[in-house]
$ cat model-v2.pdb   # PDB, C-alpha atoms
ATOM      1  CA  MET A   1     -16.665  18.996-105.048  1.00  0.00           C
ATOM      2  CA  LEU A   2     -19.079  17.451-107.534  1.00  0.00           C
ATOM      3  CA  GLU A   3     -20.556  15.258-104.802  1.00  0.00           C
ATOM      4  CA  LEU A   4     -21.260  18.318-102.677  1.00  0.00           C
ATOM      5  CA  LEU A   5     -23.041  20.000-105.587  1.00  0.00           C
ATOM      6  CA  PHE A   6     -25.109  16.848-106.091  1.00  0.00           C
ATOM      7  CA  ILE A   7     -26.174  16.821-102.421  1.00  0.00           C
ATOM      8  CA  ILE A   8     -27.085  20.526-102.520  1.00  0.00           C
ATOM      9  CA  GLY A   9     -29.074  20.065-105.747  1.00  0.00           C
ATOM     10  CA  PHE A  10     -30.795  17.001-104.295  1.00  0.00           C
ATOM     11  CA  PHE A  11     -31.730  18.987-101.176  1.00  0.00           C
ATOM     12  CA  VAL A  12     -33.046  21.952-103.169  1.00  0.00           C
ATOM     13  CA  MET A  13     -35.112  19.819-105.575  1.00  0.00           C
ATOM     14  CA  LEU A  14     -36.778  17.935-102.724  1.00  0.00           C
ATOM     15  CA  LEU A  15     -37.460  21.213-100.931  1.00  0.00           C
ATOM     16  CA  VAL A  16     -38.986  22.747-104.086  1.00  0.00           C
ATOM     17  CA  THR A  17     -41.282  19.743-104.645  1.00  0.00           C
ATOM     18  CA  GLY A  18     -42.722  20.092-101.155  1.00  0.00           C
ATOM     19  CA  VAL A  19     -41.045  17.300 -99.231  1.00  0.00           C
ATOM     20  CA  SER A  20     -40.634  17.980 -95.525  1.00  0.00           C
ATOM     21  CA  LEU A  21     -37.256  18.723 -93.985  1.00  0.00           C
ATOM     22  CA  LEU A  22     -37.298  15.404 -92.121  1.00  0.00           C
ATOM     23  CA  GLY A  23     -38.000  13.553 -95.374  1.00  0.00           C
ATOM     24  CA  ILE A  24     -35.151  15.417 -97.072  1.00  0.00           C
ATOM     25  CA  LEU A  25     -32.685  14.504 -94.325  1.00  0.00           C
ATOM     26  CA  ALA A  26     -33.795  10.850 -94.419  1.00  0.00           C
ATOM     27  CA  ALA A  27     -33.398  10.790 -98.221  1.00  0.00           C
ATOM     28  CA  ILE A  28     -29.908  12.311 -97.969  1.00  0.00           C
ATOM     29  CA  VAL A  29     -28.857   9.749 -95.348  1.00  0.00           C
ATOM     30  CA  VAL A  30     -30.184   6.832 -97.432  1.00  0.00           C
ATOM     31  CA  ALA A  31     -28.567   8.195-100.625  1.00  0.00           C
ATOM     32  CA  THR A  32     -25.240   8.639 -98.811  1.00  0.00           C
ATOM     33  CA  VAL A  33     -25.281   5.064 -97.511  1.00  0.00           C
ATOM     34  CA  VAL A  34     -26.207   3.654-100.929  1.00  0.00           C
ATOM     35  CA  MET A  35     -23.470   5.671-102.673  1.00  0.00           C
ATOM     36  CA  PHE A  36     -20.916   4.625-100.036  1.00  0.00           C
ATOM     37  CA  ILE A  37     -21.700   0.918-100.475  1.00  0.00           C
ATOM     38  CA  GLY A  38     -21.721   1.287-104.262  1.00  0.00           C
ATOM     39  CA  GLY A  39     -18.346   3.048-104.159  1.00  0.00           C
ATOM     40  CA  LEU A  40     -16.815   0.302-102.021  1.00  0.00           C
ATOM     41  CA  PHE A  41     -18.141  -2.348-104.412  1.00  0.00           C
ATOM     42  CA  ALA A  42     -16.754  -0.470-107.438  1.00  0.00           C
ATOM     43  CA  LEU A  43     -13.385  -0.037-105.705  1.00  0.00           C
ATOM     44  CA  THR A  44     -13.262  -3.750-104.920  1.00  0.00           C
ATOM     45  CA  LEU A  45     -13.945  -4.646-108.550  1.00  0.00           C
ATOM     46  CA  LYS A  46     -11.339  -2.141-109.708  1.00  0.00           C
ATOM     47  CA  LEU A  47      -8.661  -3.561-107.369  1.00  0.00           C
ATOM     48  CA  LEU A  48      -9.541  -7.243-107.891  1.00  0.00           C
ATOM     49  CA  PRO A  49      -6.954  -7.890-110.676  1.00  0.00           C
ATOM     50  CA  TRP A  50      -4.192  -6.370-108.533  1.00  0.00           C
ATOM     51  CA  LEU A  51      -5.246  -8.418-105.504  1.00  0.00           C
ATOM     52  CA  LEU A  52      -5.195 -11.608-107.591  1.00  0.00           C
ATOM     53  CA  LEU A  53      -1.753 -10.659-108.949  1.00  0.00           C
ATOM     54  CA  ALA A  54      -0.443 -10.139-105.403  1.00  0.00           C
ATOM     55  CA  VAL A  55      -1.772 -13.550-104.337  1.00  0.00           C
ATOM     56  CA  ALA A  56      -0.140 -15.201-107.367  1.00  0.00           C
ATOM     57  CA  VAL A  57       3.219 -13.499-106.681  1.00  0.00           C
ATOM     58  CA  VAL A  58       3.203 -14.597-103.035  1.00  0.00           C
ATOM     59  CA  TRP A  59       2.295 -18.147-104.083  1.00  0.00           C
ATOM     60  CA  VAL A  60       5.189 -18.276-106.597  1.00  0.00           C
ATOM     61  CA  ILE A  61       7.700 -16.825-104.116  1.00  0.00           C
ATOM     62  CA  ARG A  62       6.682 -19.323-101.433  1.00  0.00           C
ATOM     63  CA  ALA A  63       6.932 -22.178-103.943  1.00  0.00           C
ATOM     64  CA  ILE A  64      10.457 -21.114-104.934  1.00  0.00           C
ATOM     65  CA  ASN A  65      11.685 -20.525-101.371  1.00  0.00           C
ATOM     66  CA  ALA A  66      10.077 -23.631 -99.854  1.00  0.00           C
ATOM     67  CA  PRO A  67      12.475 -25.502 -97.545  1.00  0.00           C
ATOM     68  CA  LYS A  68      13.760 -28.712 -99.064  1.00  0.00           C
ATOM     69  CA  ALA A  69      12.880 -31.882 -97.174  1.00  0.00           C
ATOM     70  CA  ALA A  70      16.056 -33.524 -95.872  1.00  0.00           C
ATOM     71  CA  ARG A  71      16.468 -37.224 -96.658  1.00  0.00           C
ATOM     72  CA  TYR A  72      18.774 -37.827 -93.706  1.00  0.00           C
ATOM     73  CA  ASP A  73      18.501 -35.822 -90.530  1.00  0.00           C
ATOM     74  CA  ARG A  74      21.028 -36.598 -87.810  1.00  0.00           C
ATOM     75  CA  ASN A  75      18.884 -35.142 -85.036  1.00  0.00           C
ATOM     76  CA  ASN A  76      15.708 -36.997 -85.959  1.00  0.00           C
ATOM     77  CA  ARG A  77      14.889 -39.217 -82.956  1.00  0.00           C
ATOM     78  CA  TRP A  78      11.832 -40.861 -84.452  1.00  0.00           C
ATOM     79  CA  ARG A  79      13.419 -42.467 -87.501  1.00  0.00           C
ATOM     80  CA  TYR A  80      13.792 -45.943 -85.884  1.00  0.00           C
TER
END
$ encode --input "model-v2.pdb" --output "structure tokens"
Amino acid sequence: MLELLFIIGFFVMLLVTGVSLLGILAAIVVATVVMFIGGLFALTLKLLPWLLLAVAVVWVIRAINAPKAARYDRNNRWRY
């Protein structure tokens, strides 16, 4: 809701200062793209500790459940 009020206020202020309608629409498109990219970057930084924790957990689980190398394998044809 607050974002919508920001866009409406942005539109009205540009209209009051005498910017053309085409300029207003271009400014709104550019501002939307910049805010979208900034939001994705902020979300990535916010989730980074959790992503690193997930990678560490998977690494530990794979290290614990790693198959043990057999010293003697009866079906190994290439041992001689």
$ atom_distance --input "model-v2.pdb" --atom1 "atom CA of A:Pro49" --atom2 "atom CA of A:Ala66"
25.6 Å
$ atom_distance --input "model-v2.pdb" --atom1 "atom CA of A:Phe11" --atom2 "atom CA of A:Ile28"
7.6 Å
$ axis_aligned_box --input "model-v2.pdb" --around "stretch 48-67 of chain A" --padding-each-side "6 Å" --output "lines of an AutoDock Vina configuration file"
center_x = 1.5
center_y = -15.9
center_z = -104.1
size_x = 34.0
size_y = 31.1
size_z = 25.1
$ closest_atom_pairs --input "model-v2.pdb" --of "stretch 48-67 of chain A" --to "stretch 41-44 of chain A" --cutoff "12 Å" --atoms "only C-alpha atoms" --output "Markdown table"
| residue | atom | partner | partner_atom | distance |
| --- | --- | --- | --- | --- |
| A:Leu48 | CA | A:Thr44 | CA | 5.9 |
| A:Pro49 | CA | A:Thr44 | CA | 9.5 |
| A:Trp50 | CA | A:Thr44 | CA | 10.1 |
| A:Leu51 | CA | A:Thr44 | CA | 9.3 |
| A:Leu52 | CA | A:Thr44 | CA | 11.6 |
$ atom_distance --input "model-v2.pdb" --atom1 "atom CA of A:Ile24" --atom2 "atom CA of A:Gly38"
20.8 Å
$ build_atoms --input "model-v2.pdb" --residues "stretch 31-55 of chain A" --atoms "N, CA, C and O atoms" --output "PDB file, keeping the file's coordinate frame"
ATOM      1  N   ALA A  31     -29.366   8.041 -99.400  1.00  0.00           N
ATOM      2  CA  ALA A  31     -28.567   8.195-100.625  1.00  0.00           C
ATOM      3  C   ALA A  31     -27.077   8.124-100.313  1.00  0.00           C
ATOM      4  O   ALA A  31     -26.306   7.527-101.078  1.00  0.00           O
ATOM      5  N   THR A  32     -26.653   8.692 -99.195  1.00  0.00           N
ATOM      6  CA  THR A  32     -25.240   8.639 -98.811  1.00  0.00           C
ATOM      7  C   THR A  32     -24.800   7.209 -98.536  1.00  0.00           C
ATOM      8  O   THR A  32     -23.732   6.777 -98.982  1.00  0.00           O
ATOM      9  N   VAL A  33     -25.619   6.460 -97.818  1.00  0.00           N
ATOM     10  CA  VAL A  33     -25.281   5.064 -97.511  1.00  0.00           C
ATOM     11  C   VAL A  33     -25.215   4.234 -98.790  1.00  0.00           C
ATOM     12  O   VAL A  33     -24.287   3.448 -98.992  1.00  0.00           O
ATOM     13  N   VAL A  34     -26.196   4.417 -99.675  1.00  0.00           N
ATOM     14  CA  VAL A  34     -26.207   3.654-100.929  1.00  0.00           C
ATOM     15  C   VAL A  34     -24.992   4.001-101.785  1.00  0.00           C
ATOM     16  O   VAL A  34     -24.342   3.113-102.352  1.00  0.00           O
ATOM     17  N   MET A  35     -24.645   5.277-101.878  1.00  0.00           N
ATOM     18  CA  MET A  35     -23.470   5.671-102.673  1.00  0.00           C
ATOM     19  C   MET A  35     -22.175   5.166-102.043  1.00  0.00           C
ATOM     20  O   MET A  35     -21.243   4.787-102.760  1.00  0.00           O
ATOM     21  N   PHE A  36     -22.109   5.136-100.716  1.00  0.00           N
ATOM     22  CA  PHE A  36     -20.916   4.625-100.036  1.00  0.00           C
ATOM     23  C   PHE A  36     -20.719   3.138-100.323  1.00  0.00           C
ATOM     24  O   PHE A  36     -19.615   2.699-100.674  1.00  0.00           O
ATOM     25  N   ILE A  37     -21.795   2.363-100.204  1.00  0.00           N
ATOM     26  CA  ILE A  37     -21.700   0.918-100.475  1.00  0.00           C
ATOM     27  C   ILE A  37     -21.385   0.664-101.948  1.00  0.00           C
ATOM     28  O   ILE A  37     -20.562  -0.195-102.284  1.00  0.00           O
ATOM     29  N   GLY A  38     -22.013   1.428-102.829  1.00  0.00           N
ATOM     30  CA  GLY A  38     -21.721   1.287-104.262  1.00  0.00           C
ATOM     31  C   GLY A  38     -20.282   1.642-104.592  1.00  0.00           C
ATOM     32  O   GLY A  38     -19.634   0.980-105.406  1.00  0.00           O
ATOM     33  N   GLY A  39     -19.741   2.671-103.939  1.00  0.00           N
ATOM     34  CA  GLY A  39     -18.346   3.048-104.159  1.00  0.00           C
ATOM     35  C   GLY A  39     -17.381   1.990-103.668  1.00  0.00           C
ATOM     36  O   GLY A  39     -16.373   1.708-104.316  1.00  0.00           O
ATOM     37  N   LEU A  40     -17.674   1.380-102.519  1.00  0.00           N
ATOM     38  CA  LEU A  40     -16.815   0.302-102.021  1.00  0.00           C
ATOM     39  C   LEU A  40     -16.841  -0.897-102.957  1.00  0.00           C
ATOM     40  O   LEU A  40     -15.806  -1.531-103.202  1.00  0.00           O
ATOM     41  N   PHE A  41     -18.022  -1.227-103.478  1.00  0.00           N
ATOM     42  CA  PHE A  41     -18.141  -2.348-104.412  1.00  0.00           C
ATOM     43  C   PHE A  41     -17.358  -2.061-105.698  1.00  0.00           C
ATOM     44  O   PHE A  41     -16.637  -2.925-106.201  1.00  0.00           O
ATOM     45  N   ALA A  42     -17.482  -0.844-106.219  1.00  0.00           N
ATOM     46  CA  ALA A  42     -16.754  -0.470-107.438  1.00  0.00           C
ATOM     47  C   ALA A  42     -15.249  -0.488-107.196  1.00  0.00           C
ATOM     48  O   ALA A  42     -14.474  -0.933-108.054  1.00  0.00           O
ATOM     49  N   LEU A  43     -14.812  -0.026-106.029  1.00  0.00           N
ATOM     50  CA  LEU A  43     -13.385  -0.037-105.705  1.00  0.00           C
ATOM     51  C   LEU A  43     -12.855  -1.461-105.599  1.00  0.00           C
ATOM     52  O   LEU A  43     -11.750  -1.763-106.057  1.00  0.00           O
ATOM     53  N   THR A  44     -13.665  -2.344-105.020  1.00  0.00           N
ATOM     54  CA  THR A  44     -13.262  -3.750-104.920  1.00  0.00           C
ATOM     55  C   THR A  44     -13.105  -4.365-106.308  1.00  0.00           C
ATOM     56  O   THR A  44     -12.135  -5.073-106.575  1.00  0.00           O
ATOM     57  N   LEU A  45     -14.051  -4.111-107.189  1.00  0.00           N
ATOM     58  CA  LEU A  45     -13.945  -4.646-108.550  1.00  0.00           C
ATOM     59  C   LEU A  45     -12.750  -4.053-109.297  1.00  0.00           C
ATOM     60  O   LEU A  45     -12.109  -4.742-110.092  1.00  0.00           O
ATOM     61  N   LYS A  46     -12.469  -2.789-109.036  1.00  0.00           N
ATOM     62  CA  LYS A  46     -11.339  -2.141-109.708  1.00  0.00           C
ATOM     63  C   LYS A  46     -10.000  -2.714-109.223  1.00  0.00           C
ATOM     64  O   LYS A  46      -9.055  -2.847-109.995  1.00  0.00           O
ATOM     65  N   LEU A  47      -9.911  -3.057-107.937  1.00  0.00           N
ATOM     66  CA  LEU A  47      -8.661  -3.561-107.369  1.00  0.00           C
ATOM     67  C   LEU A  47      -8.524  -5.076-107.453  1.00  0.00           C
ATOM     68  O   LEU A  47      -7.460  -5.605-107.128  1.00  0.00           O
ATOM     69  N   LEU A  48      -9.576  -5.780-107.865  1.00  0.00           N
ATOM     70  CA  LEU A  48      -9.541  -7.243-107.891  1.00  0.00           C
ATOM     71  C   LEU A  48      -8.390  -7.819-108.723  1.00  0.00           C
ATOM     72  O   LEU A  48      -7.709  -8.745-108.254  1.00  0.00           O
ATOM     73  N   PRO A  49      -8.100  -7.325-109.934  1.00  0.00           N
ATOM     74  CA  PRO A  49      -6.954  -7.890-110.676  1.00  0.00           C
ATOM     75  C   PRO A  49      -5.628  -7.725-109.934  1.00  0.00           C
ATOM     76  O   PRO A  49      -4.785  -8.622-109.953  1.00  0.00           O
ATOM     77  N   TRP A  50      -5.440  -6.591-109.265  1.00  0.00           N
ATOM     78  CA  TRP A  50      -4.192  -6.370-108.533  1.00  0.00           C
ATOM     79  C   TRP A  50      -4.107  -7.279-107.309  1.00  0.00           C
ATOM     80  O   TRP A  50      -3.030  -7.771-106.956  1.00  0.00           O
ATOM     81  N   LEU A  51      -5.239  -7.508-106.649  1.00  0.00           N
ATOM     82  CA  LEU A  51      -5.246  -8.418-105.504  1.00  0.00           C
ATOM     83  C   LEU A  51      -4.929  -9.845-105.945  1.00  0.00           C
ATOM     84  O   LEU A  51      -4.162 -10.563-105.284  1.00  0.00           O
ATOM     85  N   LEU A  52      -5.494 -10.275-107.071  1.00  0.00           N
ATOM     86  CA  LEU A  52      -5.195 -11.608-107.591  1.00  0.00           C
ATOM     87  C   LEU A  52      -3.730 -11.717-108.006  1.00  0.00           C
ATOM     88  O   LEU A  52      -3.094 -12.762-107.797  1.00  0.00           O
ATOM     89  N   LEU A  53      -3.170 -10.658-108.577  1.00  0.00           N
ATOM     90  CA  LEU A  53      -1.753 -10.659-108.949  1.00  0.00           C
ATOM     91  C   LEU A  53      -0.869 -10.767-107.710  1.00  0.00           C
ATOM     92  O   LEU A  53       0.115 -11.520-107.705  1.00  0.00           O
ATOM     93  N   ALA A  54      -1.224 -10.058-106.646  1.00  0.00           N
ATOM     94  CA  ALA A  54      -0.443 -10.139-105.403  1.00  0.00           C
ATOM     95  C   ALA A  54      -0.493 -11.543-104.818  1.00  0.00           C
ATOM     96  O   ALA A  54       0.521 -12.071-104.359  1.00  0.00           O
ATOM     97  N   VAL A  55      -1.650 -12.179-104.844  1.00  0.00           N
ATOM     98  CA  VAL A  55      -1.772 -13.550-104.337  1.00  0.00           C
ATOM     99  C   VAL A  55      -0.921 -14.503-105.174  1.00  0.00           C
ATOM    100  O   VAL A  55      -0.229 -15.376-104.631  1.00  0.00           O
TER     101      VAL A  55
END
